[in-house]
Amino acid sequence: MALRLRLELGKKAVFFTFVACIFLSLLVFSSVVGNNYKLRQKSFAIETRIYTMNGFISSLEEDIGRGAYIAGFRSLISLENSVVSTGIYLSNLSSTFEELFFNGTINGTNSSFVWNNTFSDWMEKIKDEAEKVDILLNFTVNDISISQDNPWNVRIDVDIDILMTDRESIVKWNKNKLITSYLELEGFEDPLYMLGTNGVVENKIRRGNFSYFVNGADISNLLNHTYEGYYTAFSGAPSYLMRLEGNFGESEYGIESLVDVAELVGKGVSPKDKSIVDYIYFGTENPVKYHVSGAPSWFKLDNSSNINNSLGHYDLYEVSGLV
């Protein structure tokens, strides 16, 4: 009897142990499945964040470049207008441009050309768009410069650090970027004319399109180039940015026009007996000049050379046999 009781108790113990193992297995399985589900949810959330940020990044640099171009273009217009309207050349082009580019002001005075379109304004607009998709942006501008690396464009460089995170700080993206924009000078005002004629005569930058100036004794292209106020590249002349500062020196990216003295006289400006190359005519230098055969009496050219003395004005304008 006692033996049978022990056997029955042993069978029950085994049964309960088996049942306990099953429940324990189910509990462990449920826990593992639950954790895996949570991990999958978290992984999906991270993937979604990364996908969203990648999509934003693809357009971010383009938006920054667009903002730099617009702010730079409007700032350059404002610089030109300041020189022409005040009759005073810029004393510090770089710092004045930087103030306009970021603040929209010149010496603390608002410029209508840049107001509400500064680079700072554009950065805030981009930040606002980022926040709509739960992205936080931070910009740090390390340097801004204005320069020329060719005669017909102004170059704007913005060295900027970009820090981007999602609102939950799951994903972080940090990058340094050099944003370069080129501003075409076609149509910008040449300050040498306005300041050289006390605001009477203006001339806008327009690149000459003649394939040659002189053909034998035919100088009609050269005369039309002068009458139209066209410009040609010449590395002995000042660049456009140098002209804004009243710097009449030579530049690798120099441009020059020939002054139509008859137009000046017709508008009441007293003529000068000088070479009609613009920076010489309106400047203080007075190199030897000679009349060009077949041209009006005031049409005189000097033979100043370019920056490496490989080309002079007579060869540039093809008048070597006519002076």
# chains A, B, ... in the order shown; residues from 1 in each chain; ligands from 1
$ closest_atom_pairs --of "stretch 102-164 of chain A" --to "stretch 238-247 of chain A" --cutoff "8 Å" --atoms "only C-alpha atoms" --output "Markdown table"
| residue | atom | partner | partner_atom | distance |
| --- | --- | --- | --- | --- |
| A:Ser147 | CA | A:Leu241 | CA | 7.5 |
| A:Gln148 | CA | A:Leu241 | CA | 7.7 |
| A:Pro151 | CA | A:Ser239 | CA | 6.6 |
| A:Val154 | CA | A:Leu241 | CA | 7.9 |
$ residues_around --residues "A:Tyr279" --least-positions-apart "4" --cutoff "10 Å" --atoms "only C-alpha atoms" --output "ChimeraX atom specification"
/A:192-193,196,237-238,243,246-250,255-259,275,283-285
$ residues_around --residues "stretch 260-262 of chain A" --least-positions-apart "2" --cutoff "12 Å" --atoms "only C-alpha atoms" --output "PyMOL selection string"
chain A and resi 193+197+201-203+222-230+257-258+264-278+281-282+295-300
$ write_last_selection --atoms "C-alpha atoms" --output "PDB file, in the first residue's frame"
ATOM      1  CA  TYR A 193      32.159 105.632 -65.405  1.00  0.00           C
ATOM      2  CA  THR A 197      31.836 111.576 -64.856  1.00  0.00           C
ATOM      3  CA  VAL A 201      27.476 108.623 -67.780  1.00  0.00           C
ATOM      4  CA  GLU A 202      26.920 104.984 -66.883  1.00  0.00           C
ATOM      5  CA  ASN A 203      28.209 101.812 -68.488  1.00  0.00           C
ATOM      6  CA  LEU A 222      36.852  98.497 -83.115  1.00  0.00           C
ATOM      7  CA  LEU A 223      34.713 101.632 -83.320  1.00  0.00           C
ATOM      8  CA  ASN A 224      31.498  99.684 -82.687  1.00  0.00           C
ATOM      9  CA  HIS A 225      33.157  97.943 -79.729  1.00  0.00           C
ATOM     10  CA  THR A 226      33.857 101.425 -78.322  1.00  0.00           C
ATOM     11  CA  TYR A 227      30.468 102.960 -79.081  1.00  0.00           C
ATOM     12  CA  GLU A 228      28.622 100.004 -77.522  1.00  0.00           C
ATOM     13  CA  GLY A 229      30.719 100.173 -74.364  1.00  0.00           C
ATOM     14  CA  TYR A 230      31.767  96.540 -74.622  1.00  0.00           C
ATOM     15  CA  SER A 257      36.415  99.088 -72.143  1.00  0.00           C
ATOM     16  CA  LEU A 258      37.237 101.990 -74.447  1.00  0.00           C
ATOM     17  CA  LEU A 264      30.796 112.193 -72.693  1.00  0.00           C
ATOM     18  CA  VAL A 265      31.074 115.542 -74.487  1.00  0.00           C
ATOM     19  CA  GLY A 266      27.491 115.222 -75.727  1.00  0.00           C
ATOM     20  CA  LYS A 267      26.369 114.902 -72.093  1.00  0.00           C
ATOM     21  CA  GLY A 268      28.353 117.900 -70.922  1.00  0.00           C
ATOM     22  CA  VAL A 269      31.464 116.148 -69.589  1.00  0.00           C
ATOM     23  CA  SER A 270      34.729 117.902 -70.424  1.00  0.00           C
ATOM     24  CA  PRO A 271      37.037 115.672 -72.522  1.00  0.00           C
ATOM     25  CA  LYS A 272      40.555 114.627 -71.541  1.00  0.00           C
ATOM     26  CA  ASP A 273      43.525 114.269 -73.845  1.00  0.00           C
ATOM     27  CA  LYS A 274      44.343 110.770 -72.666  1.00  0.00           C
ATOM     28  CA  SER A 275      44.264 107.154 -73.775  1.00  0.00           C
ATOM     29  CA  ILE A 276      40.606 106.084 -73.965  1.00  0.00           C
ATOM     30  CA  VAL A 277      41.238 102.792 -72.117  1.00  0.00           C
ATOM     31  CA  ASP A 278      38.744 103.266 -69.260  1.00  0.00           C
ATOM     32  CA  TYR A 281      41.122 107.730 -68.929  1.00  0.00           C
ATOM     33  CA  PHE A 282      39.419 107.953 -65.513  1.00  0.00           C
ATOM     34  CA  ALA A 295      39.270 106.975 -86.090  1.00  0.00           C
ATOM     35  CA  PRO A 296      37.893 110.234 -84.595  1.00  0.00           C
ATOM     36  CA  SER A 297      40.528 112.647 -83.303  1.00  0.00           C
ATOM     37  CA  TRP A 298      39.857 111.709 -79.674  1.00  0.00           C
ATOM     38  CA  PHE A 299      40.429 107.985 -80.369  1.00  0.00           C
ATOM     39  CA  LYS A 300      43.889 107.519 -78.838  1.00  0.00           C
TER      40      LYS A 300
END
$ atom_distance --atom1 "atom CA of A:Ile77" --atom2 "atom CA of A:Lys177"
25.7 Å
$ closest_residue --among "A:Gly294, A:Gly312, A:Gly108, A:Gly72" --to "A:Glu184" --atoms "only C-alpha atoms"
A:Gly72
$ select_by_dssp --residues "stretch 93-195 of chain A" --states "helix (DSSP H, G or I)" --output "short mmCIF file (atom, residue, chain, number, x, y, z; two decimals) with N, CA and C atoms, in the first residue's frame"
data_model
loop_
_atom_site.label_atom_id
_atom_site.label_comp_id
_atom_site.auth_asym_id
_atom_site.auth_seq_id
_atom_site.Cartn_x
_atom_site.Cartn_y
_atom_site.Cartn_z
N LEU A 93 36.16 96.01 -49.13
CA LEU A 93 35.17 95.22 -49.86
C LEU A 93 34.75 93.97 -49.09
N SER A 94 35.72 93.22 -48.56
CA SER A 94 35.43 91.94 -47.91
C SER A 94 34.52 92.09 -46.70
N SER A 95 34.85 93.03 -45.80
CA SER A 95 34.05 93.18 -44.59
C SER A 95 32.67 93.76 -44.89
N THR A 96 32.59 94.67 -45.88
CA THR A 96 31.29 95.24 -46.25
C THR A 96 30.40 94.17 -46.87
N PHE A 97 30.99 93.34 -47.73
CA PHE A 97 30.22 92.24 -48.32
C PHE A 97 29.74 91.27 -47.25
N GLU A 98 30.59 90.93 -46.31
CA GLU A 98 30.21 90.00 -45.24
C GLU A 98 29.05 90.55 -44.42
N GLU A 99 29.09 91.84 -44.12
CA GLU A 99 28.00 92.47 -43.35
C GLU A 99 26.69 92.38 -44.12
N LEU A 100 26.74 92.66 -45.41
CA LEU A 100 25.54 92.56 -46.24
C LEU A 100 25.04 91.12 -46.33
N PHE A 101 25.96 90.21 -46.55
CA PHE A 101 25.63 88.80 -46.76
C PHE A 101 24.90 88.20 -45.56
N PHE A 102 25.35 88.57 -44.35
CA PHE A 102 24.75 87.99 -43.15
C PHE A 102 23.66 88.87 -42.51
N ASN A 103 23.87 90.19 -42.55
CA ASN A 103 22.96 91.09 -41.83
C ASN A 103 22.07 91.94 -42.72
N PHE A 119 21.88 85.58 -46.03
CA PHE A 119 22.20 84.16 -45.85
C PHE A 119 21.64 83.66 -44.52
N SER A 120 21.65 84.51 -43.50
CA SER A 120 21.08 84.15 -42.20
C SER A 120 19.59 83.88 -42.32
N ASP A 121 18.89 84.70 -43.11
CA ASP A 121 17.45 84.48 -43.33
C ASP A 121 17.21 83.12 -43.99
N TRP A 122 18.04 82.80 -44.96
CA TRP A 122 17.88 81.52 -45.66
C TRP A 122 18.14 80.34 -44.72
N MET A 123 19.12 80.47 -43.84
CA MET A 123 19.41 79.39 -42.89
C MET A 123 18.23 79.15 -41.96
N GLU A 124 17.58 80.23 -41.52
CA GLU A 124 16.41 80.09 -40.65
C GLU A 124 15.25 79.43 -41.39
N LYS A 125 15.07 79.77 -42.66
CA LYS A 125 14.01 79.15 -43.45
C LYS A 125 14.25 77.65 -43.60
N ILE A 126 15.50 77.27 -43.81
CA ILE A 126 15.83 75.86 -43.95
C ILE A 126 15.62 75.12 -42.63
N LYS A 127 15.97 75.76 -41.53
CA LYS A 127 15.74 75.16 -40.21
C LYS A 127 14.26 74.93 -39.95
N ASP A 128 13.45 75.91 -40.32
CA ASP A 128 12.00 75.78 -40.13
C ASP A 128 11.44 74.60 -40.92
N GLU A 129 11.91 74.43 -42.14
CA GLU A 129 11.45 73.30 -42.96
C GLU A 129 11.90 71.97 -42.35
N ALA A 130 13.10 71.96 -41.78
CA ALA A 130 13.61 70.73 -41.16
C ALA A 130 12.78 70.33 -39.95
N GLU A 131 12.38 71.32 -39.16
CA GLU A 131 11.61 71.02 -37.95
C GLU A 131 10.24 70.42 -38.27
N PRO A 191 31.56 101.10 -61.85
CA PRO A 191 31.60 102.35 -61.09
C PRO A 191 32.59 103.38 -61.63
N LEU A 192 33.56 102.94 -62.45
CA LEU A 192 34.53 103.90 -62.98
C LEU A 192 33.86 104.99 -63.80
N TYR A 193 32.83 104.65 -64.56
CA TYR A 193 32.16 105.63 -65.41
C TYR A 193 31.36 106.63 -64.57
N MET A 194 30.55 106.14 -63.65
CA MET A 194 29.71 107.04 -62.86
C MET A 194 30.55 107.97 -62.00
N LEU A 195 31.58 107.41 -61.35
CA LEU A 195 32.41 108.26 -60.51
C LEU A 195 33.35 109.13 -61.33
#
$ closest_residue --among "A:Asp161, A:Asp166, A:Glu318, A:Asp218" --to "A:Ile135" --atoms "only C-alpha atoms"
A:Asp166
$ residues_around --residues "A:Gly321" --least-positions-apart "6" --cutoff "12 Å" --atoms "only C-alpha atoms" --output "VMD selection string"
chain A and resid 214 to 219 290 to 294 314 to 315
$ write_last_selection --atoms "N, CA and C atoms" --output "mmCIF file, in the first residue's frame"
data_model
loop_
_atom_site.group_PDB
_atom_site.id
_atom_site.type_symbol
_atom_site.label_atom_id
_atom_site.label_comp_id
_atom_site.auth_asym_id
_atom_site.auth_seq_id
_atom_site.Cartn_x
_atom_site.Cartn_y
_atom_site.Cartn_z
ATOM 1 N N VAL A 214 40.186 94.738 -86.163
ATOM 2 C CA VAL A 214 40.662 95.466 -87.343
ATOM 3 C C VAL A 214 40.922 94.480 -88.479
ATOM 4 N N ASN A 215 40.533 94.871 -89.675
ATOM 5 C CA ASN A 215 40.814 94.074 -90.872
ATOM 6 C C ASN A 215 41.444 94.998 -91.908
ATOM 7 N N GLY A 216 42.775 94.966 -91.969
ATOM 8 C CA GLY A 216 43.489 95.909 -92.841
ATOM 9 C C GLY A 216 43.337 97.318 -92.298
ATOM 10 N N ALA A 217 42.699 98.195 -93.075
ATOM 11 C CA ALA A 217 42.447 99.559 -92.624
ATOM 12 C C ALA A 217 41.028 99.734 -92.107
ATOM 13 N N ASP A 218 40.264 98.635 -92.119
ATOM 14 C CA ASP A 218 38.862 98.690 -91.673
ATOM 15 C C ASP A 218 38.805 98.546 -90.146
ATOM 16 N N ILE A 219 38.443 99.628 -89.468
ATOM 17 C CA ILE A 219 38.393 99.615 -87.997
ATOM 18 C C ILE A 219 36.949 99.692 -87.483
ATOM 19 N N TYR A 290 48.716 107.379 -78.749
ATOM 20 C CA TYR A 290 48.762 107.792 -80.151
ATOM 21 C C TYR A 290 47.384 107.646 -80.765
ATOM 22 N N HIS A 291 47.109 108.537 -81.709
ATOM 23 C CA HIS A 291 45.841 108.487 -82.432
ATOM 24 C C HIS A 291 45.834 107.290 -83.367
ATOM 25 N N VAL A 292 44.679 106.643 -83.472
ATOM 26 C CA VAL A 292 44.509 105.506 -84.379
ATOM 27 C C VAL A 292 44.000 106.016 -85.717
ATOM 28 N N SER A 293 44.728 105.707 -86.774
ATOM 29 C CA SER A 293 44.381 106.178 -88.116
ATOM 30 C C SER A 293 42.985 105.721 -88.524
ATOM 31 N N GLY A 294 42.207 106.661 -89.061
ATOM 32 C CA GLY A 294 40.864 106.364 -89.526
ATOM 33 C C GLY A 294 39.802 106.555 -88.464
ATOM 34 N N TYR A 314 48.223 97.739 -78.277
ATOM 35 C CA TYR A 314 48.224 97.834 -79.731
ATOM 36 C C TYR A 314 47.952 96.471 -80.374
ATOM 37 N N ASP A 315 48.539 95.433 -79.809
ATOM 38 C CA ASP A 315 48.285 94.099 -80.330
ATOM 39 C C ASP A 315 46.907 93.596 -79.926
#
$ select_by_dssp --residues "stretch 187-284 of chain A" --states "strand (DSSP E or B)" --output "number ranges by chain"
A: 189, 204, 207, 215, 218, 231-233, 255-258, 277
$ closest_residue --among "A:Leu60, A:Val114, A:Ile144, A:Val200" --to "A:Leu163" --atoms "only C-alpha atoms"
A:Leu60
$ residues_around --residues "A:Thr86" --least-positions-apart "3" --cutoff "10 Å" --atoms "only C-alpha atoms" --output "compact mmCIF listing (two decimals) with C-alpha atoms, in the first residue's frame"
# COMPACT_ATOMS: atom_id res chain seq x y z
CA ASN A 81 24.61 100.71 -55.73
CA SER A 82 26.43 102.02 -52.67
CA VAL A 83 29.48 103.08 -54.70
CA TYR A 89 34.64 103.66 -53.51
CA LEU A 195 32.41 108.26 -60.51
CA GLY A 199 27.22 110.54 -62.16
